[in-house]
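K.L.:
Below is work_27.csv; it holds CSV, C-alpha atoms.
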```csv
chain,number,residue,atom,x,y,z
A,1,MET,CA,-80.4,-30.4,27.2
A,2,VAL,CA,-77.9,-33.3,27.1
A,3,ILE,CA,-74.7,-33.1,29.1
A,4,TRP,CA,-72.4,-35.9,27.8
A,5,ILE,CA,-69.5,-36.8,30.0
A,6,THR,CA,-66.8,-39.0,28.5
A,7,GLY,CA,-63.3,-40.2,29.3
A,8,ILE,CA,-61.5,-43.5,29.5
A,9,SER,CA,-62.5,-46.2,32.1
A,10,GLY,CA,-61.6,-45.0,35.6
A,11,ALA,CA,-61.6,-41.3,34.7
A,12,GLY,CA,-64.5,-40.7,37.0
A,13,LYS,CA,-67.5,-40.3,34.7
A,14,SER,CA,-70.0,-42.1,36.9
A,15,THR,CA,-68.7,-40.5,40.1
A,16,ILE,CA,-68.8,-37.0,38.6
A,17,CYS,CA,-72.3,-37.5,37.2
A,18,GLU,CA,-73.5,-38.8,40.6
A,19,ALA,CA,-72.1,-35.6,42.2
A,20,ILE,CA,-73.6,-33.3,39.6
A,21,PHE,CA,-76.9,-35.2,39.9
A,22,ARG,CA,-76.9,-34.9,43.7
A,23,ILE,CA,-76.2,-31.1,43.6
A,24,SER,CA,-78.6,-30.3,40.7
A,25,LYS,CA,-81.6,-32.6,41.1
A,26,PRO,CA,-83.2,-30.7,44.0
A,27,CYS,CA,-83.2,-27.5,41.8
A,28,ILE,CA,-83.7,-29.2,38.4
A,29,PRO,CA,-86.3,-31.9,39.0
A,30,GLU,CA,-86.4,-32.8,35.3
A,31,MET,CA,-82.8,-34.0,35.4
A,32,VAL,CA,-82.1,-37.7,34.7
A,33,TRP,CA,-78.9,-39.6,34.6
A,34,LEU,CA,-78.0,-42.3,32.1
A,35,ASP,CA,-74.9,-44.3,33.0
A,36,GLY,CA,-73.3,-46.5,30.4
A,37,ASP,CA,-73.0,-49.5,32.9
A,38,ALA,CA,-76.6,-49.1,34.0
A,39,VAL,CA,-77.8,-49.0,30.4
A,40,ARG,CA,-75.8,-52.2,29.7
A,41,GLU,CA,-77.5,-53.9,32.7
A,42,ILE,CA,-81.0,-52.7,31.6
A,43,PHE,CA,-80.4,-54.5,28.2
A,44,ASP,CA,-79.1,-57.6,29.9
A,45,ASP,CA,-75.5,-56.8,28.9
A,46,LYS,CA,-75.8,-59.1,25.9
A,47,LEU,CA,-73.1,-56.9,24.2
A,48,GLY,CA,-69.5,-57.7,24.4
A,49,HIS,CA,-66.8,-55.0,24.6
A,50,THR,CA,-65.5,-55.0,21.0
A,51,GLU,CA,-65.3,-51.8,19.2
A,52,ALA,CA,-68.5,-52.7,17.2
A,53,ASP,CA,-70.3,-53.6,20.5
A,54,ARG,CA,-69.2,-50.3,22.0
A,55,MET,CA,-70.6,-48.4,19.0
A,56,ARG,CA,-73.9,-50.2,19.4
A,57,GLN,CA,-74.0,-49.4,23.2
A,58,ILE,CA,-73.4,-45.7,22.6
A,59,LYS,CA,-76.1,-45.7,20.0
A,60,ARG,CA,-78.5,-47.2,22.6
A,61,ILE,CA,-77.6,-44.4,25.0
A,62,GLN,CA,-78.0,-41.8,22.3
A,63,ARG,CA,-81.5,-43.0,21.4
A,64,LEU,CA,-82.5,-42.9,25.1
A,65,ALA,CA,-81.0,-39.5,25.5
A,66,LYS,CA,-82.7,-38.2,22.4
A,67,GLU,CA,-86.1,-39.4,23.6
A,68,LEU,CA,-85.6,-37.8,27.0
A,69,ASP,CA,-84.3,-34.6,25.4
A,70,ALA,CA,-87.4,-34.4,23.3
A,71,GLN,CA,-89.4,-34.5,26.5
A,72,ARG,CA,-87.4,-31.5,27.8
A,73,MET,CA,-85.5,-33.5,30.4
A,74,VAL,CA,-82.0,-32.4,31.4
A,75,VAL,CA,-80.1,-35.6,30.5
A,76,LEU,CA,-76.8,-36.3,32.2
A,77,VAL,CA,-74.8,-39.0,30.4
A,78,ALA,CA,-71.7,-40.9,31.6
A,79,ALA,CA,-70.4,-42.8,28.5
A,80,LEU,CA,-67.0,-44.2,27.8
A,81,TYR,CA,-66.7,-44.6,24.0
A,82,ALA,CA,-66.1,-41.3,22.2
A,83,HIS,CA,-65.8,-42.1,18.5
A,84,PRO,CA,-65.8,-38.8,16.5
A,85,ASP,CA,-68.8,-40.0,14.4
A,86,LEU,CA,-70.8,-40.6,17.6
A,87,LEU,CA,-70.0,-37.2,19.1
A,88,LYS,CA,-70.8,-35.5,15.7
A,89,TRP,CA,-74.2,-37.3,15.9
A,90,ASN,CA,-74.7,-35.9,19.4
A,91,ARG,CA,-74.0,-32.3,18.2
A,92,GLU,CA,-76.4,-32.7,15.3
A,93,ASN,CA,-79.3,-34.3,17.1
A,94,PHE,CA,-79.6,-32.9,20.6
A,95,GLN,CA,-81.4,-29.6,21.1
A,96,ASN,CA,-78.9,-28.2,23.6
A,97,TYR,CA,-75.7,-30.2,24.0
A,98,ALA,CA,-72.6,-29.9,26.2
A,99,GLU,CA,-69.7,-32.3,25.9
A,100,ILE,CA,-67.4,-32.8,28.8
A,101,TYR,CA,-64.1,-34.6,28.5
A,102,LEU,CA,-62.5,-36.0,31.6
A,103,ASP,CA,-58.9,-36.1,30.5
A,104,ALA,CA,-57.2,-38.7,32.7
A,105,PRO,CA,-53.8,-40.1,32.1
A,106,ILE,CA,-53.6,-43.9,31.7
A,107,GLU,CA,-51.3,-44.1,34.8
A,108,LEU,CA,-54.0,-42.5,37.0
A,109,VAL,CA,-56.8,-44.7,35.8
A,110,GLN,CA,-54.7,-47.8,36.1
A,111,SER,CA,-53.8,-46.9,39.7
A,112,ARG,CA,-57.5,-46.4,40.5
A,113,ASP,CA,-58.8,-49.4,38.5
A,114,PRO,CA,-62.3,-49.4,40.1
A,115,LYS,CA,-63.5,-52.4,38.1
A,116,GLY,CA,-60.2,-54.3,38.3
A,117,MET,CA,-60.1,-54.4,34.5
A,118,TYR,CA,-56.6,-53.0,34.1
A,119,GLU,CA,-55.3,-55.7,36.4
A,120,LYS,CA,-57.1,-58.3,34.2
A,121,VAL,CA,-55.5,-56.7,31.1
A,122,ARG,CA,-52.0,-57.0,32.7
A,123,ALA,CA,-52.8,-60.7,33.6
A,124,GLY,CA,-53.9,-61.4,30.0
A,125,GLU,CA,-57.4,-62.2,31.2
A,126,MET,CA,-59.2,-59.3,29.4
A,127,LYS,CA,-59.2,-57.8,25.9
A,128,HIS,CA,-61.2,-55.0,24.2
A,129,VAL,CA,-60.2,-52.2,26.6
A,130,VAL,CA,-60.5,-48.6,25.3
A,131,GLY,CA,-57.1,-46.9,25.6
A,132,ILE,CA,-55.3,-50.3,25.6
A,133,ASP,CA,-56.2,-52.4,22.6
A,134,ILE,CA,-59.1,-50.3,21.3
A,135,PRO,CA,-58.1,-46.8,20.3
A,136,TRP,CA,-59.3,-44.0,22.5
A,137,ASN,CA,-60.5,-41.0,20.5
A,138,ALA,CA,-60.3,-38.0,22.7
A,139,PRO,CA,-63.1,-35.4,21.9
A,140,GLN,CA,-61.7,-32.8,19.5
A,141,ASN,CA,-64.0,-29.8,20.5
A,142,PRO,CA,-65.5,-30.5,23.9
A,143,THR,CA,-67.4,-27.8,25.7
A,144,LEU,CA,-65.0,-28.4,28.6
A,145,THR,CA,-61.9,-30.5,29.2
A,146,VAL,CA,-61.1,-31.3,32.8
A,147,LYS,CA,-57.6,-32.5,33.5
A,148,MET,CA,-58.1,-35.2,36.0
A,149,THR,CA,-55.5,-35.6,38.7
A,150,ASP,CA,-55.4,-37.2,42.2
A,151,ALA,CA,-56.0,-33.6,43.5
A,152,GLU,CA,-59.3,-33.3,41.8
A,153,THR,CA,-62.3,-34.3,43.9
A,154,PRO,CA,-65.7,-35.2,42.5
A,155,LEU,CA,-67.1,-32.0,44.1
A,156,SER,CA,-64.4,-29.7,42.5
A,157,VAL,CA,-64.9,-31.3,39.1
A,158,SER,CA,-68.7,-31.1,39.4
A,159,LYS,CA,-68.5,-27.4,40.2
A,160,LYS,CA,-66.3,-26.8,37.2
A,161,ILE,CA,-68.8,-28.6,34.9
A,162,ILE,CA,-71.8,-26.8,36.4
A,163,SER,CA,-70.1,-23.4,36.0
A,164,ALA,CA,-69.3,-24.2,32.4
A,165,ILE,CA,-72.9,-25.0,31.4
A,166,PRO,CA,-75.0,-21.8,31.6
A,167,CYS,CA,-78.3,-23.8,31.8
A,168,LEU,CA,-77.1,-25.5,35.0
A,169,SER,CA,-75.2,-22.6,36.6
A,170,THR,CA,-78.0,-20.1,36.0
A,171,ARG,CA,-80.7,-22.4,37.4
A,172,LEU,CA,-78.7,-23.4,40.4
A,173,ALA,CA,-77.7,-19.8,41.2
A,174,SER,CA,-81.4,-18.7,40.9
A,175,ALA,CA,-82.5,-21.5,43.2
A,176,MET,CA,-79.8,-20.6,45.8
A,177,GLN,CA,-81.1,-16.9,45.8
A,178,ASP,CA,-84.7,-18.1,46.2
A,179,ALA,CA,-83.7,-20.3,49.2
```
Represent the structure from my file as structure tokens, please.
P.N.:
Amino acid sequence: MVIWITGISGAGKSTICEAIFRISKPCIPEMVWLDGDAVREIFDDKLGHTEADRMRQIKRIQRLAKELDAQRMVVLVAALYAHPDLLKWNRENFQNYAEIYLDAPIELVQSRDPKGMYEKVRAGEMKHVVGIDIPWNAPQNPTLTVKMTDAETPLSVSKKIISAIPCLSTRLASAMQDA
């Protein structure tokens, strides 16, 4: 199974994946988490952030996820770029696939700005930012869309996602009954 969590930078993808992983891993030992930033680092971040580089980065993540999926791992992915062709590939190539869209308004992510990139954009120091000068393609048919607000906590969003994915909710509920 592959659980693909996407949204613009600052939407909370990594934070939500970390919360899901923390909750689920004790009951689902075959769960792994692929984070887009970590995958960049593994490959020495030789890619830039142009649209072509982002496509290449997502293809790296897809290949890793496909290999892990083939080994019957539960793969949790935090990935920014959501081009329709890439998401179509996911639906066609993963054995069991859930697509989660963290729908965060640009004002919210700019106020969070965990990496300082929106500030760099405002200062003219950075280009190639999805949602600013690279188009953001919101997923058209995600398994679940979560409207991100300041009121949403990582725990509340994680619980929504877990509840929406039968594979996770069933296994976690079963583990809780056995405990």
K.L.:
Do you have, as a Markdown table, the list of residues of stretch 88-170 of chain A lying at most 8 Å from stretch 33-50 of chain A, each with its nearest atom pair and that distance in Å to one decimal, counting only C-alpha atoms and ordered by chain then number?
P.N.:
```
| residue | atom | partner | partner_atom | distance |
| --- | --- | --- | --- | --- |
| A:His128 | CA | A:Thr50 | CA | 5.4 |
| A:Val129 | CA | A:His49 | CA | 7.4 |
| A:Ile134 | CA | A:Thr50 | CA | 7.9 |
```
K.L.:
Could you jot down the atom CA of A:Val75 to atom CA of A:Met1 separation for me, Å, one decimal place?
P.N.:
6.2 Å
K.L.:
May I ask which of the residues A:Ala11, A:Ile3, A:Ile28, A:Ala164 is the closest one to A:Asp113, counting only C-alpha atoms?
P.N.:
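Using only C-alpha atoms, A:Asp113 sits closest to A:Ala11.
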K.L.:
I'd like the neighbourhood of A:Gly12 as a PyMOL selection string, where a residue qualifies if any of its atoms comes within 10 Å (using only C-alpha atoms), though same-chain residues fewer than 6 positions away should be ignored.
P.N.:
chain A and resi 5-6+18+78+102-104+109+112+114+148+153-154+157
K.L.:
Taking into account all atoms listed in the file, which residue in the set A:Phe94, A:Ile8, A:Lys88, A:Ile162 is nearest to A:Pro135?
P.N.:
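Checking each candidate against A:Pro135, we get A:Ile8 as the closest.
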K.L.:
Which of these residues is nearest to A:Arg60, using all atoms listed in the file: A:Met126, A:Pro105, A:Ala79, A:Glu119?
P.N.:
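Using all atoms listed in the file, A:Arg60 sits closest to A:Ala79.
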K.L.:
Between A:Glu125, A:Glu99, A:Glu152, A:Asp53, which one has atoms that come closest to A:Leu87, using all atoms listed in the file?
P.N.:
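Going through A:Glu125, A:Glu99, A:Glu152, A:Asp53 one by one, the smallest distance to A:Leu87 is for A:Glu99.
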K.L.:
Env of A:Leu155: 9 Å cut, atoms = only C-alpha atoms, seq-sep filter 4 positions within chain, self excluded. Answer as a PyMOL selection string.
P.N.:
chain A and resi 16+19-20+159-160
K.L.:
Which neighbours of A:Met55 fall inside 10 Å, counting only C-alpha atoms, when residues of the same chain fewer than 4 positions from it are skipped, and could you give them as a PyMOL selection string?
P.N.:
chain A and resi 49-51+59-60+81-83+85-86
K.L.:
Reconstruct N, CA and C atoms of stretch 73-104 of chain A; output as a PDB file, in the coordinates of the input.
P.N.:
```pdb
ATOM      1  N   MET A  73     -86.279 -33.042  29.162  1.00  0.00           N
ATOM      2  CA  MET A  73     -85.500 -33.500  30.400  1.00  0.00           C
ATOM      3  C   MET A  73     -84.118 -32.913  30.226  1.00  0.00           C
ATOM      4  N   VAL A  74     -83.456 -32.754  31.348  1.00  0.00           N
ATOM      5  CA  VAL A  74     -82.000 -32.400  31.400  1.00  0.00           C
ATOM      6  C   VAL A  74     -81.337 -33.774  31.557  1.00  0.00           C
ATOM      7  N   VAL A  75     -80.630 -34.226  30.537  1.00  0.00           N
ATOM      8  CA  VAL A  75     -80.100 -35.600  30.500  1.00  0.00           C
ATOM      9  C   VAL A  75     -78.569 -35.523  30.770  1.00  0.00           C
ATOM     10  N   LEU A  76     -78.174 -36.154  31.840  1.00  0.00           N
ATOM     11  CA  LEU A  76     -76.800 -36.300  32.200  1.00  0.00           C
ATOM     12  C   LEU A  76     -76.319 -37.665  31.791  1.00  0.00           C
ATOM     13  N   VAL A  77     -75.272 -37.746  30.961  1.00  0.00           N
ATOM     14  CA  VAL A  77     -74.800 -39.000  30.400  1.00  0.00           C
ATOM     15  C   VAL A  77     -73.362 -39.281  30.832  1.00  0.00           C
ATOM     16  N   ALA A  78     -73.090 -40.484  31.331  1.00  0.00           N
ATOM     17  CA  ALA A  78     -71.700 -40.900  31.600  1.00  0.00           C
ATOM     18  C   ALA A  78     -71.458 -42.055  30.571  1.00  0.00           C
ATOM     19  N   ALA A  79     -70.593 -41.784  29.577  1.00  0.00           N
ATOM     20  CA  ALA A  79     -70.400 -42.800  28.500  1.00  0.00           C
ATOM     21  C   ALA A  79     -68.891 -42.818  28.138  1.00  0.00           C
ATOM     22  N   LEU A  80     -68.384 -44.019  28.026  1.00  0.00           N
ATOM     23  CA  LEU A  80     -67.000 -44.200  27.800  1.00  0.00           C
ATOM     24  C   LEU A  80     -66.573 -43.953  26.321  1.00  0.00           C
ATOM     25  N   TYR A  81     -67.164 -44.611  25.397  1.00  0.00           N
ATOM     26  CA  TYR A  81     -66.700 -44.600  24.000  1.00  0.00           C
ATOM     27  C   TYR A  81     -66.972 -43.274  23.345  1.00  0.00           C
ATOM     28  N   ALA A  82     -65.969 -42.646  22.749  1.00  0.00           N
ATOM     29  CA  ALA A  82     -66.100 -41.300  22.200  1.00  0.00           C
ATOM     30  C   ALA A  82     -65.671 -41.212  20.744  1.00  0.00           C
ATOM     31  N   HIS A  83     -66.126 -42.128  19.924  1.00  0.00           N
ATOM     32  CA  HIS A  83     -65.800 -42.100  18.500  1.00  0.00           C
ATOM     33  C   HIS A  83     -66.224 -40.773  17.892  1.00  0.00           C
ATOM     34  N   PRO A  84     -65.412 -40.140  17.050  1.00  0.00           N
ATOM     35  CA  PRO A  84     -65.800 -38.800  16.500  1.00  0.00           C
ATOM     36  C   PRO A  84     -67.147 -38.841  15.770  1.00  0.00           C
ATOM     37  N   ASP A  85     -67.505 -39.916  15.082  1.00  0.00           N
ATOM     38  CA  ASP A  85     -68.800 -40.000  14.400  1.00  0.00           C
ATOM     39  C   ASP A  85     -69.968 -39.939  15.401  1.00  0.00           C
ATOM     40  N   LEU A  86     -69.777 -40.585  16.533  1.00  0.00           N
ATOM     41  CA  LEU A  86     -70.800 -40.600  17.600  1.00  0.00           C
ATOM     42  C   LEU A  86     -70.987 -39.221  18.192  1.00  0.00           C
ATOM     43  N   LEU A  87     -69.881 -38.567  18.465  1.00  0.00           N
ATOM     44  CA  LEU A  87     -70.000 -37.200  19.100  1.00  0.00           C
ATOM     45  C   LEU A  87     -70.527 -36.226  18.063  1.00  0.00           C
ATOM     46  N   LYS A  88     -70.216 -36.403  16.787  1.00  0.00           N
ATOM     47  CA  LYS A  88     -70.800 -35.500  15.700  1.00  0.00           C
ATOM     48  C   LYS A  88     -72.316 -35.730  15.728  1.00  0.00           C
ATOM     49  N   TRP A  89     -72.766 -36.971  15.817  1.00  0.00           N
ATOM     50  CA  TRP A  89     -74.200 -37.300  15.900  1.00  0.00           C
ATOM     51  C   TRP A  89     -74.851 -36.521  17.028  1.00  0.00           C
ATOM     52  N   ASN A  90     -74.189 -36.553  18.181  1.00  0.00           N
ATOM     53  CA  ASN A  90     -74.700 -35.900  19.400  1.00  0.00           C
ATOM     54  C   ASN A  90     -74.936 -34.376  19.058  1.00  0.00           C
ATOM     55  N   ARG A  91     -73.909 -33.734  18.502  1.00  0.00           N
ATOM     56  CA  ARG A  91     -74.000 -32.300  18.200  1.00  0.00           C
ATOM     57  C   ARG A  91     -75.110 -31.989  17.223  1.00  0.00           C
ATOM     58  N   GLU A  92     -75.362 -32.894  16.313  1.00  0.00           N
ATOM     59  CA  GLU A  92     -76.400 -32.700  15.300  1.00  0.00           C
ATOM     60  C   GLU A  92     -77.806 -33.020  15.737  1.00  0.00           C
ATOM     61  N   ASN A  93     -77.949 -33.806  16.782  1.00  0.00           N
ATOM     62  CA  ASN A  93     -79.300 -34.300  17.100  1.00  0.00           C
ATOM     63  C   ASN A  93     -79.832 -33.919  18.479  1.00  0.00           C
ATOM     64  N   PHE A  94     -79.032 -33.362  19.344  1.00  0.00           N
ATOM     65  CA  PHE A  94     -79.600 -32.900  20.600  1.00  0.00           C
ATOM     66  C   PHE A  94     -79.856 -31.430  20.560  1.00  0.00           C
ATOM     67  N   GLN A  95     -80.968 -31.034  21.186  1.00  0.00           N
ATOM     68  CA  GLN A  95     -81.400 -29.600  21.100  1.00  0.00           C
ATOM     69  C   GLN A  95     -80.407 -28.675  21.733  1.00  0.00           C
ATOM     70  N   ASN A  96     -79.870 -29.023  22.860  1.00  0.00           N
ATOM     71  CA  ASN A  96     -78.900 -28.200  23.600  1.00  0.00           C
ATOM     72  C   ASN A  96     -77.878 -29.208  24.117  1.00  0.00           C
ATOM     73  N   TYR A  97     -76.622 -29.106  23.731  1.00  0.00           N
ATOM     74  CA  TYR A  97     -75.700 -30.200  24.000  1.00  0.00           C
ATOM     75  C   TYR A  97     -74.376 -29.605  24.600  1.00  0.00           C
ATOM     76  N   ALA A  98     -73.912 -30.252  25.652  1.00  0.00           N
ATOM     77  CA  ALA A  98     -72.600 -29.900  26.200  1.00  0.00           C
ATOM     78  C   ALA A  98     -71.803 -31.214  26.328  1.00  0.00           C
ATOM     79  N   GLU A  99     -70.575 -31.149  25.868  1.00  0.00           N
ATOM     80  CA  GLU A  99     -69.700 -32.300  25.900  1.00  0.00           C
ATOM     81  C   GLU A  99     -68.538 -32.045  26.824  1.00  0.00           C
ATOM     82  N   ILE A 100     -68.397 -32.910  27.807  1.00  0.00           N
ATOM     83  CA  ILE A 100     -67.400 -32.800  28.800  1.00  0.00           C
ATOM     84  C   ILE A 100     -66.407 -33.918  28.726  1.00  0.00           C
ATOM     85  N   TYR A 101     -65.132 -33.575  28.616  1.00  0.00           N
ATOM     86  CA  TYR A 101     -64.100 -34.600  28.500  1.00  0.00           C
ATOM     87  C   TYR A 101     -63.273 -34.630  29.780  1.00  0.00           C
ATOM     88  N   LEU A 102     -63.329 -35.759  30.471  1.00  0.00           N
ATOM     89  CA  LEU A 102     -62.500 -36.000  31.600  1.00  0.00           C
ATOM     90  C   LEU A 102     -61.183 -36.581  31.155  1.00  0.00           C
ATOM     91  N   ASP A 103     -60.177 -35.746  31.036  1.00  0.00           N
ATOM     92  CA  ASP A 103     -58.900 -36.100  30.500  1.00  0.00           C
ATOM     93  C   ASP A 103     -58.007 -36.699  31.592  1.00  0.00           C
ATOM     94  N   ALA A 104     -57.977 -38.019  31.672  1.00  0.00           N
ATOM     95  CA  ALA A 104     -57.200 -38.700  32.700  1.00  0.00           C
ATOM     96  C   ALA A 104     -56.082 -39.503  32.123  1.00  0.00           C
TER      97      ALA A 104
END
```
